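Everything below belongs to target01.pdb, which stores PDB, C-alpha atoms and all ligand atoms.
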```pdb
MODEL        1
ATOM      1  CA  MET A   1      20.453  -4.335 -15.966
ATOM      2  CA  LYS A   2      18.194  -6.876 -14.279
ATOM      3  CA  ASP A   3      16.785  -5.518 -11.065
ATOM      4  CA  LYS A   4      14.957  -6.824  -8.056
ATOM      5  CA  ILE A   5      11.910  -4.559  -8.041
ATOM      6  CA  VAL A   6       9.255  -4.001  -5.422
ATOM      7  CA  VAL A   7       6.147  -2.675  -7.163
ATOM      8  CA  ALA A   8       3.561  -0.957  -4.970
ATOM      9  CA  LEU A   9       0.124  -0.766  -6.575
ATOM     10  CA  GLY A  10      -2.193   2.116  -5.731
ATOM     11  CA  GLY A  11      -5.951   2.170  -5.428
ATOM     12  CA  ASN A  12      -6.502   2.873  -9.133
ATOM     13  CA  ALA A  13      -5.058  -0.568 -10.001
ATOM     14  CA  LEU A  14      -7.897  -2.326  -8.186
ATOM     15  CA  GLY A  15     -11.177  -0.536  -8.889
ATOM     16  CA  LYS A  16     -14.168  -0.006  -6.649
ATOM     17  CA  THR A  17     -16.076  -3.299  -6.494
ATOM     18  CA  PRO A  18     -14.980  -6.957  -6.529
ATOM     19  CA  VAL A  19     -16.482  -7.424 -10.009
ATOM     20  CA  GLU A  20     -14.764  -4.309 -11.331
ATOM     21  CA  GLN A  21     -11.534  -5.371  -9.638
ATOM     22  CA  LEU A  22     -11.514  -8.789 -11.320
ATOM     23  CA  GLN A  23     -11.769  -7.036 -14.702
ATOM     24  CA  LEU A  24      -9.308  -4.263 -13.921
ATOM     25  CA  VAL A  25      -6.514  -6.518 -12.643
ATOM     26  CA  LYS A  26      -6.246  -7.977 -16.155
ATOM     27  CA  GLN A  27      -4.942  -4.538 -17.211
ATOM     28  CA  THR A  28      -2.889  -4.167 -14.043
ATOM     29  CA  ALA A  29      -1.173  -7.488 -14.776
ATOM     30  CA  LYS A  30       0.227  -6.308 -18.134
ATOM     31  CA  PRO A  31       2.867  -3.776 -17.006
ATOM     32  CA  ILE A  32       3.832  -6.136 -14.183
ATOM     33  CA  VAL A  33       4.337  -9.036 -16.560
ATOM     34  CA  ASP A  34       6.294  -6.693 -18.875
ATOM     35  CA  LEU A  35       8.814  -6.288 -16.064
ATOM     36  CA  ILE A  36       8.963 -10.046 -15.438
ATOM     37  CA  GLN A  37       9.374 -10.705 -19.163
ATOM     38  CA  GLU A  38      12.320  -8.304 -19.259
ATOM     39  CA  GLY A  39      13.971 -10.523 -16.659
ATOM     40  CA  HIS A  40      13.422  -8.458 -13.530
ATOM     41  CA  GLU A  41      12.531 -10.085 -10.227
ATOM     42  CA  VAL A  42       9.212  -8.599  -9.190
ATOM     43  CA  VAL A  43       7.676  -8.477  -5.739
ATOM     44  CA  LEU A  44       4.213  -6.976  -5.551
ATOM     45  CA  ALA A  45       2.612  -4.911  -2.803
ATOM     46  CA  HIS A  46      -0.755  -3.160  -2.948
ATOM     47  CA  GLY A  47      -3.176  -0.882  -1.116
ATOM     48  CA  ASN A  48      -6.541  -1.946   0.356
ATOM     49  CA  GLY A  49      -8.270   1.217   1.636
ATOM     50  CA  PRO A  50     -11.617   0.878  -0.174
ATOM     51  CA  GLN A  51     -11.590  -2.935   0.074
ATOM     52  CA  VAL A  52     -10.952  -3.193   3.798
ATOM     53  CA  GLY A  53     -13.464  -0.375   4.312
ATOM     54  CA  MET A  54     -16.096  -2.348   2.427
ATOM     55  CA  ILE A  55     -15.421  -5.576   4.353
ATOM     56  CA  ASN A  56     -15.442  -3.757   7.681
ATOM     57  CA  LEU A  57     -18.700  -2.006   6.862
ATOM     58  CA  ALA A  58     -20.361  -5.194   5.594
ATOM     59  CA  MET A  59     -19.311  -7.217   8.611
ATOM     60  CA  SER A  60     -20.370  -4.598  11.138
ATOM     61  CA  THR A  61     -23.695  -4.042   9.340
ATOM     62  CA  ALA A  62     -24.348  -7.794   9.396
ATOM     63  CA  SER A  63     -23.430  -8.111  13.051
ATOM     64  CA  ASN A  64     -25.765  -5.206  13.922
ATOM     65  CA  SER A  65     -28.622  -6.712  11.890
ATOM     66  CA  GLU A  66     -30.967  -9.614  12.472
ATOM     67  CA  ALA A  67     -28.443 -11.862  10.767
ATOM     68  CA  GLY A  68     -26.419 -11.406  13.933
ATOM     69  CA  THR A  69     -23.118 -12.610  12.484
ATOM     70  CA  PRO A  70     -20.205 -12.373  14.909
ATOM     71  CA  GLU A  71     -18.237  -9.160  14.969
ATOM     72  CA  MET A  72     -15.201  -9.210  12.719
ATOM     73  CA  PRO A  73     -12.175  -7.490  14.260
ATOM     74  CA  PHE A  74     -10.341  -4.977  12.054
ATOM     75  CA  PRO A  75      -7.092  -6.991  11.633
ATOM     76  CA  GLU A  76      -9.213  -9.922  10.377
ATOM     77  CA  CYS A  77     -10.885  -7.574   7.884
ATOM     78  CA  GLY A  78      -7.378  -6.665   6.668
ATOM     79  CA  ALA A  79      -6.506 -10.357   6.310
ATOM     80  CA  MET A  80      -9.690 -10.922   4.279
ATOM     81  CA  SER A  81      -8.812  -8.025   1.984
ATOM     82  CA  GLN A  82      -5.292  -9.411   1.417
ATOM     83  CA  GLY A  83      -6.874 -12.743   0.569
ATOM     84  CA  TYR A  84      -9.312 -11.636  -2.075
ATOM     85  CA  ILE A  85      -7.136  -8.930  -3.620
ATOM     86  CA  GLY A  86      -4.267 -11.434  -3.716
ATOM     87  CA  TYR A  87      -6.542 -13.985  -5.355
ATOM     88  CA  HIS A  88      -7.474 -11.547  -8.115
ATOM     89  CA  LEU A  89      -3.896 -10.403  -8.680
ATOM     90  CA  GLN A  90      -2.342 -13.874  -8.731
ATOM     91  CA  ASN A  91      -5.101 -15.105 -11.014
ATOM     92  CA  ALA A  92      -4.622 -12.249 -13.521
ATOM     93  CA  ILE A  93      -0.813 -12.288 -13.450
ATOM     94  CA  ARG A  94      -0.727 -16.059 -13.933
ATOM     95  CA  GLU A  95      -3.026 -15.757 -16.954
ATOM     96  CA  GLU A  96      -0.993 -12.923 -18.502
ATOM     97  CA  LEU A  97       2.235 -14.899 -17.976
ATOM     98  CA  LEU A  98       0.741 -18.003 -19.612
ATOM     99  CA  ASN A  99      -0.559 -15.917 -22.522
ATOM    100  CA  ARG A 100       3.055 -14.932 -23.155
ATOM    101  CA  GLY A 101       4.361 -18.472 -22.818
ATOM    102  CA  MET A 102       5.828 -18.093 -19.327
ATOM    103  CA  ASN A 103       4.946 -20.366 -16.452
ATOM    104  CA  THR A 104       6.451 -18.372 -13.605
ATOM    105  CA  PRO A 105       4.597 -19.322 -10.407
ATOM    106  CA  VAL A 106       2.622 -16.580  -8.638
ATOM    107  CA  ALA A 107       1.330 -16.626  -5.062
ATOM    108  CA  THR A 108       0.061 -14.365  -2.323
ATOM    109  CA  VAL A 109       1.455 -14.463   1.187
ATOM    110  CA  ILE A 110      -0.924 -13.349   3.938
ATOM    111  CA  THR A 111       1.478 -10.962   5.604
ATOM    112  CA  GLN A 112       1.750  -9.608   9.126
ATOM    113  CA  VAL A 113       3.742  -6.432   9.597
ATOM    114  CA  ILE A 114       5.191  -5.745  13.006
ATOM    115  CA  VAL A 115       4.611  -2.332  14.551
ATOM    116  CA  ASP A 116       5.838  -0.854  17.837
ATOM    117  CA  LYS A 117       3.130  -0.762  20.475
ATOM    118  CA  GLU A 118       4.792   2.416  21.775
ATOM    119  CA  ASP A 119       4.509   4.044  18.338
ATOM    120  CA  PRO A 120       3.311   7.609  19.041
ATOM    121  CA  ALA A 121       0.666   7.113  16.324
ATOM    122  CA  PHE A 122      -1.341   4.983  18.768
ATOM    123  CA  LYS A 123      -1.874   8.081  20.920
ATOM    124  CA  HIS A 124      -3.265  10.025  17.961
ATOM    125  CA  PRO A 125      -5.423   7.765  15.775
ATOM    126  CA  THR A 126      -6.071   9.523  12.463
ATOM    127  CA  LYS A 127      -7.411   6.996   9.947
ATOM    128  CA  PRO A 128     -11.231   7.003   9.727
ATOM    129  CA  ILE A 129     -12.787   3.582   9.048
ATOM    130  CA  GLY A 130     -16.341   2.245   8.792
ATOM    131  CA  SER A 131     -19.726   3.905   8.926
ATOM    132  CA  PHE A 132     -20.943   7.246  10.230
ATOM    133  CA  TYR A 133     -22.864   7.488  13.510
ATOM    134  CA  SER A 134     -24.741  10.172  15.433
ATOM    135  CA  LYS A 135     -23.065  11.664  18.497
ATOM    136  CA  GLU A 136     -25.332   9.595  20.781
ATOM    137  CA  GLU A 137     -24.586   6.338  18.958
ATOM    138  CA  ALA A 138     -20.883   7.134  18.950
ATOM    139  CA  GLU A 139     -20.895   7.678  22.715
ATOM    140  CA  VAL A 140     -22.443   4.245  23.252
ATOM    141  CA  ILE A 141     -19.934   2.564  20.925
ATOM    142  CA  MET A 142     -16.999   4.369  22.522
ATOM    143  CA  SER A 143     -17.982   3.274  26.011
ATOM    144  CA  GLU A 144     -19.040  -0.285  25.049
ATOM    145  CA  LYS A 145     -16.258  -1.146  22.638
ATOM    146  CA  GLY A 146     -13.530   1.262  23.670
ATOM    147  CA  TYR A 147     -13.147   2.575  20.114
ATOM    148  CA  ASP A 148     -11.685   5.989  19.382
ATOM    149  CA  MET A 149     -14.229   8.020  17.467
ATOM    150  CA  VAL A 150     -14.138  11.520  16.010
ATOM    151  CA  GLU A 151     -16.481  13.881  14.249
ATOM    152  CA  ASP A 152     -15.630  13.637  10.524
ATOM    153  CA  ALA A 153     -16.060  16.909   8.590
ATOM    154  CA  GLY A 154     -19.699  17.500   9.567
ATOM    155  CA  ARG A 155     -20.775  14.104   8.194
ATOM    156  CA  GLY A 156     -21.103  12.340  11.540
ATOM    157  CA  TRP A 157     -19.001  10.361  13.980
ATOM    158  CA  ARG A 158     -16.607   7.704  12.809
ATOM    159  CA  ARG A 159     -14.167   5.261  14.277
ATOM    160  CA  VAL A 160     -10.503   6.211  13.842
ATOM    161  CA  VAL A 161      -7.493   3.929  14.074
ATOM    162  CA  ALA A 162      -3.782   4.666  14.295
ATOM    163  CA  SER A 163      -1.337   4.612  11.387
ATOM    164  CA  PRO A 164       1.894   3.283  12.930
ATOM    165  CA  LEU A 165       5.177   2.794  11.053
ATOM    166  CA  PRO A 166       6.183  -0.684   9.877
ATOM    167  CA  ILE A 167       9.166  -2.197  11.707
ATOM    168  CA  ASP A 168       9.483  -5.673  10.234
ATOM    169  CA  VAL A 169       7.711  -8.188   8.014
ATOM    170  CA  ALA A 170       6.875 -11.344   9.966
ATOM    171  CA  GLU A 171       6.855 -13.617   6.889
ATOM    172  CA  LYS A 172      10.034 -12.145   5.356
ATOM    173  CA  GLU A 173      11.909 -15.481   5.193
ATOM    174  CA  THR A 174       9.045 -17.045   3.244
ATOM    175  CA  VAL A 175       8.877 -14.080   0.888
ATOM    176  CA  MET A 176      12.634 -14.210   0.294
ATOM    177  CA  ALA A 177      12.639 -17.991  -0.239
ATOM    178  CA  LEU A 178       9.961 -17.584  -2.907
ATOM    179  CA  ILE A 179      11.842 -14.743  -4.632
ATOM    180  CA  GLU A 180      14.964 -16.911  -4.559
ATOM    181  CA  LYS A 181      13.003 -19.624  -6.436
ATOM    182  CA  ASN A 182      11.805 -17.059  -9.005
ATOM    183  CA  HIS A 183       8.220 -16.974  -7.813
ATOM    184  CA  VAL A 184       6.257 -13.764  -8.136
ATOM    185  CA  VAL A 185       5.128 -12.889  -4.613
ATOM    186  CA  ILE A 186       2.235 -10.655  -3.615
ATOM    187  CA  THR A 187       2.843  -9.471  -0.067
ATOM    188  CA  VAL A 188       2.236  -6.725   2.549
ATOM    189  CA  GLY A 189      -1.190  -6.138   1.002
ATOM    190  CA  GLY A 190      -2.820  -3.020   2.421
ATOM    191  CA  GLY A 191       0.443  -2.301   4.243
ATOM    192  CA  GLY A 192       0.238  -5.671   6.021
ATOM    193  CA  ILE A 193      -1.847  -6.880   8.938
ATOM    194  CA  PRO A 194      -0.541  -4.753  11.822
ATOM    195  CA  VAL A 195       0.691  -6.858  14.737
ATOM    196  CA  VAL A 196       2.596  -6.155  17.929
ATOM    197  CA  GLN A 197       5.082  -8.658  19.276
ATOM    198  CA  GLU A 198       4.760 -10.031  22.790
ATOM    199  CA  GLY A 199       7.132 -12.880  23.407
ATOM    200  CA  ASN A 200       6.290 -15.536  20.843
ATOM    201  CA  GLN A 201       2.923 -13.968  20.155
ATOM    202  CA  LEU A 202       2.036 -11.647  17.323
ATOM    203  CA  ILE A 203      -1.135  -9.839  18.273
ATOM    204  CA  GLY A 204      -3.252  -8.121  15.618
ATOM    205  CA  VAL A 205      -4.069  -4.493  16.375
ATOM    206  CA  PRO A 206      -6.749  -2.260  14.851
ATOM    207  CA  ALA A 207      -4.533   0.043  12.791
ATOM    208  CA  VAL A 208      -3.667   0.880   9.199
ATOM    209  CA  ILE A 209      -0.073   0.764   8.039
ATOM    210  CA  ASP A 210       0.523   3.038   5.076
ATOM    211  CA  LYS A 211       1.120   0.769   2.071
ATOM    212  CA  ASP A 212       3.805   3.110   0.725
ATOM    213  CA  PHE A 213       5.830   2.811   3.951
ATOM    214  CA  ALA A 214       5.260  -0.956   4.156
ATOM    215  CA  SER A 215       6.434  -1.339   0.532
ATOM    216  CA  SER A 216       9.547   0.701   1.245
ATOM    217  CA  LYS A 217      10.314  -1.442   4.312
ATOM    218  CA  LEU A 218       9.701  -4.608   2.287
ATOM    219  CA  ALA A 219      12.043  -3.338  -0.445
ATOM    220  CA  GLU A 220      14.781  -2.794   2.157
ATOM    221  CA  ILE A 221      14.248  -6.234   3.695
ATOM    222  CA  VAL A 222      14.362  -8.170   0.406
ATOM    223  CA  ASP A 223      17.371  -6.083  -0.688
ATOM    224  CA  ALA A 224      15.616  -4.707  -3.751
ATOM    225  CA  ASP A 225      17.375  -2.403  -6.201
ATOM    226  CA  TYR A 226      14.310  -0.490  -7.150
ATOM    227  CA  LEU A 227      11.040   0.573  -5.540
ATOM    228  CA  ILE A 228       8.343   1.509  -8.033
ATOM    229  CA  ILE A 229       5.236   3.183  -6.654
ATOM    230  CA  LEU A 230       2.443   3.036  -9.218
ATOM    231  CA  THR A 231      -0.359   5.509  -8.649
ATOM    232  CA  ALA A 232      -2.867   7.665 -10.505
ATOM    233  CA  VAL A 233      -0.402  10.354 -11.659
ATOM    234  CA  GLU A 234       2.498   9.971 -14.090
ATOM    235  CA  GLN A 235       4.828  12.199 -12.098
ATOM    236  CA  VAL A 236       5.186  14.112  -8.866
ATOM    237  CA  ALA A 237       4.562  17.837  -9.129
ATOM    238  CA  ILE A 238       5.329  20.938  -7.165
ATOM    239  CA  ASN A 239       2.532  23.503  -6.954
ATOM    240  CA  TYR A 240       0.259  20.558  -7.753
ATOM    241  CA  GLY A 241      -3.083  21.681  -9.194
ATOM    242  CA  LYS A 242      -1.995  25.340  -9.332
ATOM    243  CA  PRO A 243      -1.340  27.488 -12.419
ATOM    244  CA  ASP A 244       2.430  27.220 -11.889
ATOM    245  CA  GLU A 245       2.320  23.431 -11.479
ATOM    246  CA  LYS A 246       5.619  21.793 -12.461
ATOM    247  CA  TRP A 247       6.061  18.051 -13.053
ATOM    248  CA  LEU A 248       9.362  16.641 -11.898
ATOM    249  CA  LYS A 249      11.548  14.124 -13.717
ATOM    250  CA  GLU A 250      13.996  13.688 -10.872
ATOM    251  CA  LEU A 251      14.128  14.606  -7.215
ATOM    252  CA  SER A 252      17.257  14.676  -5.097
ATOM    253  CA  ILE A 253      16.937  14.019  -1.365
ATOM    254  CA  GLU A 254      17.671  17.716  -0.711
ATOM    255  CA  GLU A 255      14.896  18.767  -3.070
ATOM    256  CA  CYS A 256      12.498  16.285  -1.454
ATOM    257  CA  ASN A 257      13.216  17.775   1.976
ATOM    258  CA  GLN A 258      12.836  21.317   0.688
ATOM    259  CA  TYR A 259       9.549  20.638  -1.123
ATOM    260  CA  ILE A 260       8.162  18.693   1.838
ATOM    261  CA  SER A 261       8.894  21.630   4.153
ATOM    262  CA  GLU A 262       7.195  23.945   1.651
ATOM    263  CA  GLY A 263       4.100  21.695   1.744
ATOM    264  CA  HIS A 264       4.040  20.599  -1.917
ATOM    265  CA  PHE A 265       2.967  17.020  -1.226
ATOM    266  CA  ALA A 266      -0.460  16.290   0.223
ATOM    267  CA  PRO A 267      -0.417  14.328   3.497
ATOM    268  CA  GLY A 268      -2.156  10.971   3.103
ATOM    269  CA  SER A 269      -1.606  10.822  -0.676
ATOM    270  CA  MET A 270       1.646  12.065  -2.241
ATOM    271  CA  LEU A 271       3.594  12.831   0.946
ATOM    272  CA  PRO A 272       3.878   9.194   2.142
ATOM    273  CA  LYS A 273       4.999   8.152  -1.352
ATOM    274  CA  VAL A 274       7.781  10.728  -1.466
ATOM    275  CA  GLN A 275       8.814   9.870   2.105
ATOM    276  CA  ALA A 276       8.738   6.122   1.398
ATOM    277  CA  ALA A 277      10.794   6.663  -1.775
ATOM    278  CA  MET A 278      13.341   8.795   0.101
ATOM    279  CA  LYS A 279      13.650   6.263   2.883
ATOM    280  CA  PHE A 280      14.393   3.448   0.459
ATOM    281  CA  ALA A 281      16.729   5.521  -1.735
ATOM    282  CA  THR A 282      18.841   6.537   1.265
ATOM    283  CA  SER A 283      18.915   3.078   2.880
ATOM    284  CA  LYS A 284      21.867   1.817   0.796
ATOM    285  CA  PRO A 285      23.958   3.204  -2.082
ATOM    286  CA  GLY A 286      22.551   2.376  -5.513
ATOM    287  CA  ARG A 287      18.961   1.997  -4.413
ATOM    288  CA  ARG A 288      16.460   4.157  -6.238
ATOM    289  CA  ALA A 289      12.740   4.764  -6.304
ATOM    290  CA  LEU A 290      10.319   5.783  -9.024
ATOM    291  CA  ILE A 291       6.855   7.251  -8.671
ATOM    292  CA  THR A 292       4.735   6.960 -11.803
ATOM    293  CA  SER A 293       1.402   5.691 -13.097
ATOM    294  CA  LEU A 294       0.447   2.106 -13.845
ATOM    295  CA  GLU A 295      -0.024   2.979 -17.535
ATOM    296  CA  LYS A 296       3.419   4.556 -17.790
ATOM    297  CA  ALA A 297       5.311   1.918 -15.806
ATOM    298  CA  ALA A 298       7.218   0.607 -18.852
ATOM    299  CA  ASP A 299       8.224   4.103 -20.026
ATOM    300  CA  GLY A 300       9.094   4.989 -16.447
ATOM    301  CA  ILE A 301      11.521   2.140 -16.037
ATOM    302  CA  GLU A 302      13.189   3.123 -19.328
ATOM    303  CA  GLY A 303      13.730   6.559 -17.854
ATOM    304  CA  LYS A 304      11.253   8.272 -20.192
ATOM    305  CA  THR A 305       8.842   9.465 -17.527
ATOM    306  CA  GLY A 306       7.958   9.210 -13.851
ATOM    307  CA  THR A 307       9.770  10.914 -10.999
ATOM    308  CA  LEU A 308      13.035   9.265 -10.013
ATOM    309  CA  ILE A 309      14.218   9.693  -6.448
ATOM    310  CA  LYS A 310      17.793   8.757  -5.668
ATOM    311  CA  MET A 311      20.702   9.774  -3.503
TER     312      MET A 311
HETATM  313  P1  LIG B 401      -2.700   5.583  -4.147
HETATM  314  O1  LIG B 401      -4.007   4.874  -4.102
HETATM  315  O2  LIG B 401      -1.894   5.227  -5.359
HETATM  316  O3  LIG B 401      -1.916   5.513  -2.866
HETATM  317  P2  LIG B 401      -3.291   8.378  -3.514
HETATM  318  O4  LIG B 401      -4.581   8.980  -3.927
HETATM  319  O5  LIG B 401      -3.088   8.040  -2.074
HETATM  320  O6  LIG B 401      -3.060   7.112  -4.453
HETATM  321  O7  LIG B 401      -2.096   9.349  -3.942
HETATM  322  C1  LIG B 401      -1.921   9.766  -5.285
HETATM  323  C2  LIG B 401      -2.559  11.139  -5.511
HETATM  324  O8  LIG B 401      -1.808  12.155  -4.858
HETATM  325  C3  LIG B 401      -2.572  11.613  -6.927
HETATM  326  O9  LIG B 401      -3.618  11.035  -7.658
HETATM  327  C4  LIG B 401      -2.720  13.135  -6.774
HETATM  328  O10 LIG B 401      -4.081  13.506  -6.870
HETATM  329  C5  LIG B 401      -2.273  13.410  -5.352
HETATM  330  N1  LIG B 401      -1.208  14.411  -5.167
HETATM  331  C6  LIG B 401      -1.109  15.189  -4.071
HETATM  332  N2  LIG B 401      -0.055  15.982  -4.130
HETATM  333  C7  LIG B 401       0.573  15.714  -5.313
HETATM  334  C8  LIG B 401       1.747  16.230  -5.960
HETATM  335  N3  LIG B 401       2.495  17.150  -5.385
HETATM  336  N4  LIG B 401       2.088  15.701  -7.160
HETATM  337  C9  LIG B 401       1.339  14.755  -7.742
HETATM  338  N5  LIG B 401       0.210  14.234  -7.193
HETATM  339  C10 LIG B 401      -0.167  14.703  -5.978
HETATM  340 MG    MG B 402      -2.515   6.292  -0.955
ENDMDL
END
```
Could you spell out this file's structure in structure tokens?
Ligand code: ADP
Ligand code: MG
Amino acid sequence: MKDKIVVALGGNALGKTPVEQLQLVKQTAKPIVDLIQEGHEVVLAHGNGPQVGMINLAMSTASNSEAGTPEMPFPECGAMSQGYIGYHLQNAIREELLNRGMNTPVATVITQVIVDKEDPAFKHPTKPIGSFYSKEEAEVIMSEKGYDMVEDAGRGWRRVVASPLPIDVAEKETVMALIEKNHVVITVGGGGIPVVQEGNQLIGVPAVIDKDFASSKLAEIVDADYLIILTAVEQVAINYGKPDEKWLKELSIEECNQYISEGHFAPGSMLPKVQAAMKFATSKPGRRALITSLEKAADGIEGKTGTLIKM
């Protein structure tokens, strides 16, 4: 069966530096092009944690230095990360397609994701970003810039931003028009640039949308059949990292709920993936989600490995 598949790439698909990333995406492109070659429609989403962190740090260091560059707001840092990650991905996927005799067009859409300004997450910012400061420095920054800052595990003070839920994808019509024309689209990079809607205005907010939730929302919007979350592990486990660790081939929604309540999935890593998978799998009959590793993507889609989550 030919499916419309949203593939969400995790941090391990992109590497740690721009040079490393450019090399690594050549490998990342292979399993993605395998899916395209099999006739599936593929839409690509990806994370940006380390990349947006690096841009944010570089820009704030430069603006605090003699160079005196202007300050770069956090949503703009997110847009920059979508741009250069998208460039690397579209470049590598295009090359891999051409190597296999396919000339499917590939492009990145700089994507804004709408969040609710009343989202309770804004009252409890949790995502640390940027450099560490002393208590005194942090107090100055908090009063001058109005940032939320917290003490981070004894290492110093750090800015924190909220992690609100995605509501809608502003560029969804464009994304769907491209899919319709058989283009490979890279979208909602880093979970999307978070924006709040005020009348005709979309206003960027300093926040981080979880890329797993944004991918799940995207998959619903484009009416995908399949959400594939590619990460560093081949399967989801219960008792992860313990002697009685058990890798799971399939998870029903009931099992997901039970294991979540028992605390089997780490918040900030596996928990959002399982929740995003559940949300998509329950959004319409027939939809299913798979969590597996980049290396095992092909085996996963053939049902040989990975953790399948379906109603
Ligand atoms: P990504 O960059 O792909 O979002 P994350 O590091 O956020 O990756 O999440 C994947 C990680 O979640 C795995 O590498 C693993 O270390 C961790 N993890 C936490 N709980 C579990 C679990 N129950 N089963 C499998 N992996 C888990
Ligand atoms: Mg993650």
To check your reading of the model: which residues sit at most 6 Å from ligand LIG 401 (chain B) when counting all atoms listed in the file? Write the answer as a CSV table (one decimal) with C-alpha atoms, in the coordinates of the input.
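Result file is selection-v5.csv:
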```csv
chain,number,residue,atom,x,y,z
A,10,GLY,CA,-2.2,2.1,-5.7
A,11,GLY,CA,-6.0,2.2,-5.4
A,12,ASN,CA,-6.5,2.9,-9.1
A,231,THR,CA,-0.4,5.5,-8.6
A,232,ALA,CA,-2.9,7.7,-10.5
A,233,VAL,CA,-0.4,10.4,-11.7
A,236,VAL,CA,5.2,14.1,-8.9
A,237,ALA,CA,4.6,17.8,-9.1
A,238,ILE,CA,5.3,20.9,-7.2
A,240,TYR,CA,0.3,20.6,-7.8
A,264,HIS,CA,4.0,20.6,-1.9
A,265,PHE,CA,3.0,17.0,-1.2
A,266,ALA,CA,-0.5,16.3,0.2
A,269,SER,CA,-1.6,10.8,-0.7
A,270,MET,CA,1.6,12.1,-2.2
```
For this session: Excluding stretch 286-292 of chain A and residues on its chain fewer than 5 positions from it, collect all residues at most 9 Å away from it, counting only C-alpha atoms, and give them as a count of residues only.
Result: 31
For this session: Could you tell me which of A:Leu44, A:Ala8, A:Ala298, A:Met142 comes closest to ligand MG 402 (chain B) if we count all atoms listed in the file?
Result: A:Ala8
Problem set entry | Picked residues, the PyMOL selection byres (((chain A and resi 147-162) around 10) and not hetatm), expected as an MDAnalysis selection string | chainID A and resid 74 119:146 163:165 205:209
Exercise. What does the PyMOL selection byres (((chain A and resi 193) around 7) and not hetatm) select in this file, as JSON, numbers by chain?
Worked result: {"A": [75, 78, 79, 111, 112, 113, 191, 192, 194, 195, 204]}
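Between A:Leu9 and the candidates A:Gly86, A:Gly199, A:Gly47, A:Gly39, the tightest atom-to-atom separation, counting all atoms listed in the file, involves A:Gly47.
Of the residues listed (A:Lys26, A:Lys246, A:Lys296, A:His40), A:His40 shows the shortest atom-to-atom separation from A:Asp3; distances use all atoms listed in the file.
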For this session: List the residues sitting within 12 Å of (-12.3, -3.9, -0.9) in the file's frame, using only C-alpha atoms, as number ranges by chain.
Result: A: 11, 14-22, 46-58, 77-86, 88, 189-190
Seminar exercise, completed: Residue with the minimum atom-to-atom distance to ligand MG 402 (chain B), picked from A:Glu66, A:Asp212, A:Glu302, A:Glu118 with only C-alpha atoms and all ligand atoms counted, is A:Asp212
I'd like the residues picked by the PyMOL selection byres (((chain A and resi 186) around 8) and not hetatm) written out as a CSV table (one decimal) with C-alpha atoms, in the frame of the given file, using the chain letters and numbers from the file.
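To be explicit, this is the file written out as result-v3.csv:
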```csv
chain,number,residue,atom,x,y,z
A,43,VAL,CA,7.7,-8.5,-5.7
A,44,LEU,CA,4.2,-7.0,-5.6
A,45,ALA,CA,2.6,-4.9,-2.8
A,86,GLY,CA,-4.3,-11.4,-3.7
A,89,LEU,CA,-3.9,-10.4,-8.7
A,90,GLN,CA,-2.3,-13.9,-8.7
A,106,VAL,CA,2.6,-16.6,-8.6
A,107,ALA,CA,1.3,-16.6,-5.1
A,108,THR,CA,0.1,-14.4,-2.3
A,109,VAL,CA,1.5,-14.5,1.2
A,184,VAL,CA,6.3,-13.8,-8.1
A,185,VAL,CA,5.1,-12.9,-4.6
A,187,THR,CA,2.8,-9.5,-0.1
A,188,VAL,CA,2.2,-6.7,2.5
A,189,GLY,CA,-1.2,-6.1,1.0
```
Centre and size of axis-aligned box enclosing stretch 259-265 of chain A plus 5 Å each side, as JSON:
```
{"center_x": 6.3, "center_y": 20.5, "center_z": 1.1, "size_x": 16.6, "size_y": 16.9, "size_z": 16.1}
```
Exercise. Which is closer to A:Asp299 than all the others in A:Gln37, A:Thr61, A:Pro31, A:Ser283, using all atoms listed in the file?
Worked result: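 Smallest separation from A:Asp299 among the options: A:Pro31.
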Problem set entry | Shortest interatomic distance to ligand MG 402 (chain B) - which of A:Ala214, A:Cys256, A:Ala62, A:Ile110, counting only C-alpha atoms and all ligand atoms |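 Among A:Ala214, A:Cys256, A:Ala62, A:Ile110, it is A:Ala214 that comes nearest to ligand MG 402 (chain B).
The space separating atom CA of A:Glu95 from atom CA of A:Ser215 comes to 24.6 Å.
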Exercise. At what distance in Å, to one decimal, does atom CA of A:Ala92 lie from atom CA of A:Leu24?
Worked result: 9.3 Å
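Pairwise distance (atom CA of A:Ser63, atom CA of A:Lys117) equals 28.5 Å.
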